[in-house]
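S.K.: Quick one: structure below, then a few questions.
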Amino acid sequence: MILQIFDGLLLLVIVVLAWRSLNDRDVFRAVISFIALGLLIAVAWVRLRAPDVALAEAAVGSGLTGALILSALVRMRRRERAATATRGEAPT
Amino acid sequence: MTSRMPIGVLSLALLAALGWAVLSLPLRPAGLTAASLAKLPESGVTNPVTAVLLNYRGYDTLLEIGVLLLAIVAVWSLRRGEWPASHLHDRPLLMPLLRVVLPVLLLAAGYLLWIGAFAPGGAFQGGALLGGAIVLVMLGGLARRALAFERLLRAGLVLGVIVFAAVCAVTMLLTGGLLQFPAGTGGTWIMVIESAALVSIGLTLGLLYFGGRPNAHHA
Amino acid sequence: MPDADYRIYALAGMALFAIGFYSMLVQAHLLRRIMALNVMGSGVFLVYIALGAQTPGPIPDPVPHAMVLTGIVVSVCATGLALALVDRAQAAASEVEPGDDA
């Protein structure tokens with residue numbers, strides 16, 4: 001019974017985080033939700049008795065994918081800032 | 001913004017159709033558990049997942065290592081990599097932390113590689129940890145000169161595919177079947193493949209974070 | 001618990017797939033679309049592993065585990081490639097833009 005409640009809560013949080021990681025207004029907050037989502041899915045793998053998958057998900061799904069997307073976001077923002085700066089200085 | 005409504009309806013319809021499809025499947029599918037367990041003593045390992053990955057369906061894993069190589073080749077041909085912009089290596093806590101964490105990560109990667117034969121673990125999990133260690137090294141701005149050895153990096157990236165293909169060729173000569181290991185030697189072949197795959201997977205994941213071909217002039 | 005019912009995980013997986021599908025079509029931000037692709041992938045993995053956990057026997061079906069393991073590593077590589085493509089596309093766009101404005 002307790003396990004069923006745990007499953008229900010875990011999946012509820014997973015679905016809510018999935019929504020927030022794709023539809024939050026703030027992209028940075030969305031990426032953080034995405035990383036948290038990966039960690040919780042790793043917990044789901046443990047509940048589904050798939051420890052091999054859980055190990056890979058914890059390292060890859062949240063860690064590496066999160067790092068990749070975060071650094072891409074930083075790069076994107078830097079480029080946007082550079083673009084607005086040059087446009088502001090020298091309007092043609 | 002007005003187009004959100006129909007897309008939402010479409011997504012809900014998709015959810016309903018998927019739900020109906022999955023819930024109409026048999027409650028207790030036979031699955032392949034019994035078959036995988038029956039052949040486990042012959043596979044050379046005792047972890048059924050590793051047996052599936054490197055023995056029963058070894059060609060899947062061979063192709064996957066190939067996909068990893070393709071991905072990093074594509075990324076390298078698209079752009080030049082760059083070091084993380086933030087000057088993390090100036091932060092006082094990062095270096096002492098890395099000094100502790102990096103050896104532990106490398107040790108854990110090796111341990112996961114070895115334990116994969118008997119328990120949860122293997123080249124993928126170990127490779128992921130190795131990749132994480134490489135990302136940390138980059139964040140710390142360490143080992144900048146290592147990226148200048150592009151030939152060495154390339155050798156590491158293709159090591160997995162080459163060793164895997166070599167094992168394919170050798171075992172084919174011995175037994176006549178693709179990835180059909182001679183009886184009783186499965187464990188050794190699997191460990192050889194996984195050790196090479198660990199290096200390639202770790203390097204690929206780590207260098208993906210670098211995001212492009214190392215620039216020899218800036219290294 | 002050999003005969004526990006894990007189909008609720010499959011349902012959540014399908015919800016993830018649908019959320020990813022919706023966001024992929026609605027969101028214009030390319031990073032969000034890449035994340036949507038990842039969420040859809042996680043949904044597929046959840047369904048697959050949950051169905052594998054339904055099989056009778058002492059352990060869950062190891063074949064889905066092996067395939068999802070492969071899938072996770074492939075999807076991070078696909079993400080890396082997609083991010084590199086996005087960066088190239090935006091670099092090309094920002095080079096063209098000033099000329100367009102003039």
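Following the order of the structure tokens, first chain is A, next is B, and so on, with residues numbered from 1 inside each chain and ligands from 1 in the order they appear.
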Should the cut-off be 7 Å, what would the residue list for chain C against chain B look like, counting only C-alpha atoms, as a PyMOL selection string?

M.R.: chain C and resi 11+14-15+18+21-22+26+54-57+60-63+65-66+70+74+77-78+80-81+84+88

S.K.: For N, CA and C atoms, I'd like the residues from the last selection saved as a PDB file, in the first residue's frame.

M.R.:
```pdb
ATOM      1  N   LEU C  11       1.635   4.088 -18.066  1.00  0.00           N
ATOM      2  CA  LEU C  11       0.727   5.224 -18.291  1.00  0.00           C
ATOM      3  C   LEU C  11       1.477   6.545 -18.161  1.00  0.00           C
ATOM      4  N   MET C  14       3.477   7.215 -21.182  1.00  0.00           N
ATOM      5  CA  MET C  14       2.684   7.734 -22.305  1.00  0.00           C
ATOM      6  C   MET C  14       2.347   9.209 -22.090  1.00  0.00           C
ATOM      7  N   ALA C  15       2.107   9.569 -20.823  1.00  0.00           N
ATOM      8  CA  ALA C  15       1.851  10.990 -20.533  1.00  0.00           C
ATOM      9  C   ALA C  15       3.083  11.817 -20.901  1.00  0.00           C
ATOM     10  N   ALA C  18       3.190  12.235 -24.605  1.00  0.00           N
ATOM     11  CA  ALA C  18       2.208  13.206 -25.102  1.00  0.00           C
ATOM     12  C   ALA C  18       2.632  14.639 -24.766  1.00  0.00           C
ATOM     13  N   PHE C  21       5.334  15.582 -27.107  1.00  0.00           N
ATOM     14  CA  PHE C  21       4.773  15.796 -28.450  1.00  0.00           C
ATOM     15  C   PHE C  21       4.128  17.178 -28.536  1.00  0.00           C
ATOM     16  N   TYR C  22       3.327  17.493 -27.516  1.00  0.00           N
ATOM     17  CA  TYR C  22       2.655  18.803 -27.492  1.00  0.00           C
ATOM     18  C   TYR C  22       3.680  19.937 -27.488  1.00  0.00           C
ATOM     19  N   VAL C  26       4.400  23.106 -29.992  1.00  0.00           N
ATOM     20  CA  VAL C  26       3.968  24.430 -29.537  1.00  0.00           C
ATOM     21  C   VAL C  26       5.147  25.372 -29.316  1.00  0.00           C
ATOM     22  N   GLN C  54       6.405  -6.529 -16.232  1.00  0.00           N
ATOM     23  CA  GLN C  54       5.158  -7.295 -16.074  1.00  0.00           C
ATOM     24  C   GLN C  54       5.354  -8.787 -16.316  1.00  0.00           C
ATOM     25  N   THR C  55       6.508  -9.166 -16.895  1.00  0.00           N
ATOM     26  CA  THR C  55       6.685 -10.572 -17.233  1.00  0.00           C
ATOM     27  C   THR C  55       6.804 -11.406 -15.970  1.00  0.00           C
ATOM     28  N   PRO C  56       6.255 -12.620 -15.989  1.00  0.00           N
ATOM     29  CA  PRO C  56       6.397 -13.480 -14.817  1.00  0.00           C
ATOM     30  C   PRO C  56       7.833 -14.006 -14.742  1.00  0.00           C
ATOM     31  N   GLY C  57       8.256 -14.418 -13.562  1.00  0.00           N
ATOM     32  CA  GLY C  57       9.610 -14.934 -13.410  1.00  0.00           C
ATOM     33  C   GLY C  57      10.326 -14.244 -12.277  1.00  0.00           C
ATOM     34  N   PRO C  60      12.811  -9.233 -13.835  1.00  0.00           N
ATOM     35  CA  PRO C  60      12.132  -8.653 -14.993  1.00  0.00           C
ATOM     36  C   PRO C  60      12.887  -9.014 -16.276  1.00  0.00           C
ATOM     37  N   ASP C  61      12.204  -8.889 -17.400  1.00  0.00           N
ATOM     38  CA  ASP C  61      12.793  -9.199 -18.699  1.00  0.00           C
ATOM     39  C   ASP C  61      14.052  -8.353 -18.938  1.00  0.00           C
ATOM     40  N   PRO C  62      15.227  -8.969 -19.106  1.00  0.00           N
ATOM     41  CA  PRO C  62      16.457  -8.165 -19.269  1.00  0.00           C
ATOM     42  C   PRO C  62      16.597  -7.530 -20.652  1.00  0.00           C
ATOM     43  N   VAL C  63      15.834  -8.004 -21.644  1.00  0.00           N
ATOM     44  CA  VAL C  63      16.024  -7.474 -23.004  1.00  0.00           C
ATOM     45  C   VAL C  63      15.639  -5.986 -23.088  1.00  0.00           C
ATOM     46  N   HIS C  65      15.729  -3.882 -20.720  1.00  0.00           N
ATOM     47  CA  HIS C  65      16.754  -3.156 -19.956  1.00  0.00           C
ATOM     48  C   HIS C  65      17.953  -2.855 -20.832  1.00  0.00           C
ATOM     49  N   ALA C  66      18.414  -3.884 -21.571  1.00  0.00           N
ATOM     50  CA  ALA C  66      19.587  -3.698 -22.426  1.00  0.00           C
ATOM     51  C   ALA C  66      19.292  -2.670 -23.510  1.00  0.00           C
ATOM     52  N   THR C  70      21.015   1.079 -24.091  1.00  0.00           N
ATOM     53  CA  THR C  70      21.541   1.539 -25.372  1.00  0.00           C
ATOM     54  C   THR C  70      20.878   2.844 -25.779  1.00  0.00           C
ATOM     55  N   VAL C  74      22.472   6.536 -26.710  1.00  0.00           N
ATOM     56  CA  VAL C  74      22.279   7.086 -28.054  1.00  0.00           C
ATOM     57  C   VAL C  74      21.572   8.439 -27.972  1.00  0.00           C
ATOM     58  N   CYS C  77      23.858  11.258 -27.222  1.00  0.00           N
ATOM     59  CA  CYS C  77      24.665  11.602 -28.392  1.00  0.00           C
ATOM     60  C   CYS C  77      23.837  12.398 -29.392  1.00  0.00           C
ATOM     61  N   ALA C  78      22.587  11.990 -29.574  1.00  0.00           N
ATOM     62  CA  ALA C  78      21.707  12.731 -30.482  1.00  0.00           C
ATOM     63  C   ALA C  78      21.514  14.151 -29.971  1.00  0.00           C
ATOM     64  N   GLY C  80      23.653  15.881 -28.128  1.00  0.00           N
ATOM     65  CA  GLY C  80      24.892  16.615 -28.388  1.00  0.00           C
ATOM     66  C   GLY C  80      24.967  17.078 -29.830  1.00  0.00           C
ATOM     67  N   LEU C  81      24.589  16.191 -30.755  1.00  0.00           N
ATOM     68  CA  LEU C  81      24.617  16.539 -32.175  1.00  0.00           C
ATOM     69  C   LEU C  81      23.597  17.630 -32.486  1.00  0.00           C
ATOM     70  N   ALA C  84      24.854  20.962 -31.347  1.00  0.00           N
ATOM     71  CA  ALA C  84      25.881  21.492 -32.248  1.00  0.00           C
ATOM     72  C   ALA C  84      25.239  22.065 -33.506  1.00  0.00           C
ATOM     73  N   ARG C  88      25.366  25.943 -34.849  1.00  0.00           N
ATOM     74  CA  ARG C  88      25.804  26.298 -36.192  1.00  0.00           C
ATOM     75  C   ARG C  88      24.733  27.128 -36.901  1.00  0.00           C
TER      76      ARG C  88
END
```

S.K.: Near chain B, meaning an atom within 6 Å, which residues of chain A appear when counting only C-alpha atoms? Write them as a list in words.

M.R.: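 So the contacting residues turn out to be Pro51, Asp52, Ala56, Ala59, Val60 and Leu68 of chain A.
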
S.K.: Can you write out as a Markdown table which residues of chain A fall within 8 Å of chain C, alongside each residue's closest atom pair and its distance in Å to one decimal, counting only C-alpha atoms and ordering rows by chain and ascending residue number?

M.R.:
```
| residue | atom | partner | partner_atom | distance |
| --- | --- | --- | --- | --- |
| A:Leu11 | CA | C:Ala12 | CA | 6.3 |
| A:Val15 | CA | C:Leu16 | CA | 6.3 |
| A:Ala18 | CA | C:Leu16 | CA | 6.6 |
| A:Trp19 | CA | C:Ile19 | CA | 6.4 |
| A:Ser21 | CA | C:Met35 | CA | 7.8 |
| A:Leu22 | CA | C:Arg32 | CA | 5.8 |
| A:Asn23 | CA | C:Ser23 | CA | 7.0 |
| A:Val27 | CA | C:Arg32 | CA | 7.7 |
| A:Phe34 | CA | C:Met35 | CA | 7.5 |
| A:Trp45 | CA | C:Ile49 | CA | 7.9 |
| A:Leu48 | CA | C:Ala53 | CA | 6.2 |
| A:Arg49 | CA | C:Pro60 | CA | 7.0 |
| A:Ala50 | CA | C:His65 | CA | 6.6 |
| A:Asp52 | CA | C:His65 | CA | 7.3 |
| A:Val53 | CA | C:Leu69 | CA | 5.5 |
| A:Ala56 | CA | C:Leu69 | CA | 6.8 |
| A:Glu57 | CA | C:Ile72 | CA | 7.0 |
| A:Val60 | CA | C:Val76 | CA | 7.1 |
| A:Gly61 | CA | C:Ile72 | CA | 6.8 |
| A:Leu64 | CA | C:Val76 | CA | 7.5 |
| A:Thr65 | CA | C:Val76 | CA | 5.9 |
| A:Leu68 | CA | C:Gly80 | CA | 6.7 |
| A:Ile69 | CA | C:Leu31 | CA | 7.3 |
| A:Ala72 | CA | C:Leu83 | CA | 6.7 |
| A:Leu73 | CA | C:Leu31 | CA | 7.5 |
| A:Met76 | CA | C:Asp87 | CA | 7.6 |
| A:Ala83 | CA | C:Ser94 | CA | 7.2 |
| A:Arg87 | CA | C:Pro98 | CA | 8.0 |
| A:Thr92 | CA | C:Ala102 | CA | 5.8 |
```

S.K.: List as a ChimeraX atom specification the protein and nucleic acid residues near B:Ala165, meaning an atom at most 10 Å away when only C-alpha atoms are counted, but skip any in the same chain fewer than 5 places from it.

M.R.: /B:59,62,159-160,170-171,179,193

S.K.: DSSP says alpha helix (DSSP H) for which residues of stretch 89-171 of chain B? Put them as a VMD selection string?

M.R.: chain B and resid 94 to 115 123 to 139 150 to 171

S.K.: Mind giving me the straight-line distance from atom CA of B:Leu98 to atom CA of A:Leu37 in Å, one decimal?

M.R.: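 Distance between the two atoms: 25.7 Å.
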
S.K.: Have a look at atom CA of C:Ala92 and atom CA of A:Arg77 and let me know their distance in Å, one decimal.

M.R.: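 Computing the Euclidean distance for atom CA of C:Ala92 and atom CA of A:Arg77 yields 15.6 Å.
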
S.K.: Expressed in Å to a single decimal, how great is the separation between atom CA of B:Val199 and atom CA of B:Cys168?

M.R.: 18.5 Å

S.K.: Restricting the calculation to only C-alpha atoms: of A:Ala67, A:Leu10, A:Leu55, A:Val16, which residue gets closest to A:Leu40?

M.R.: A:Leu10
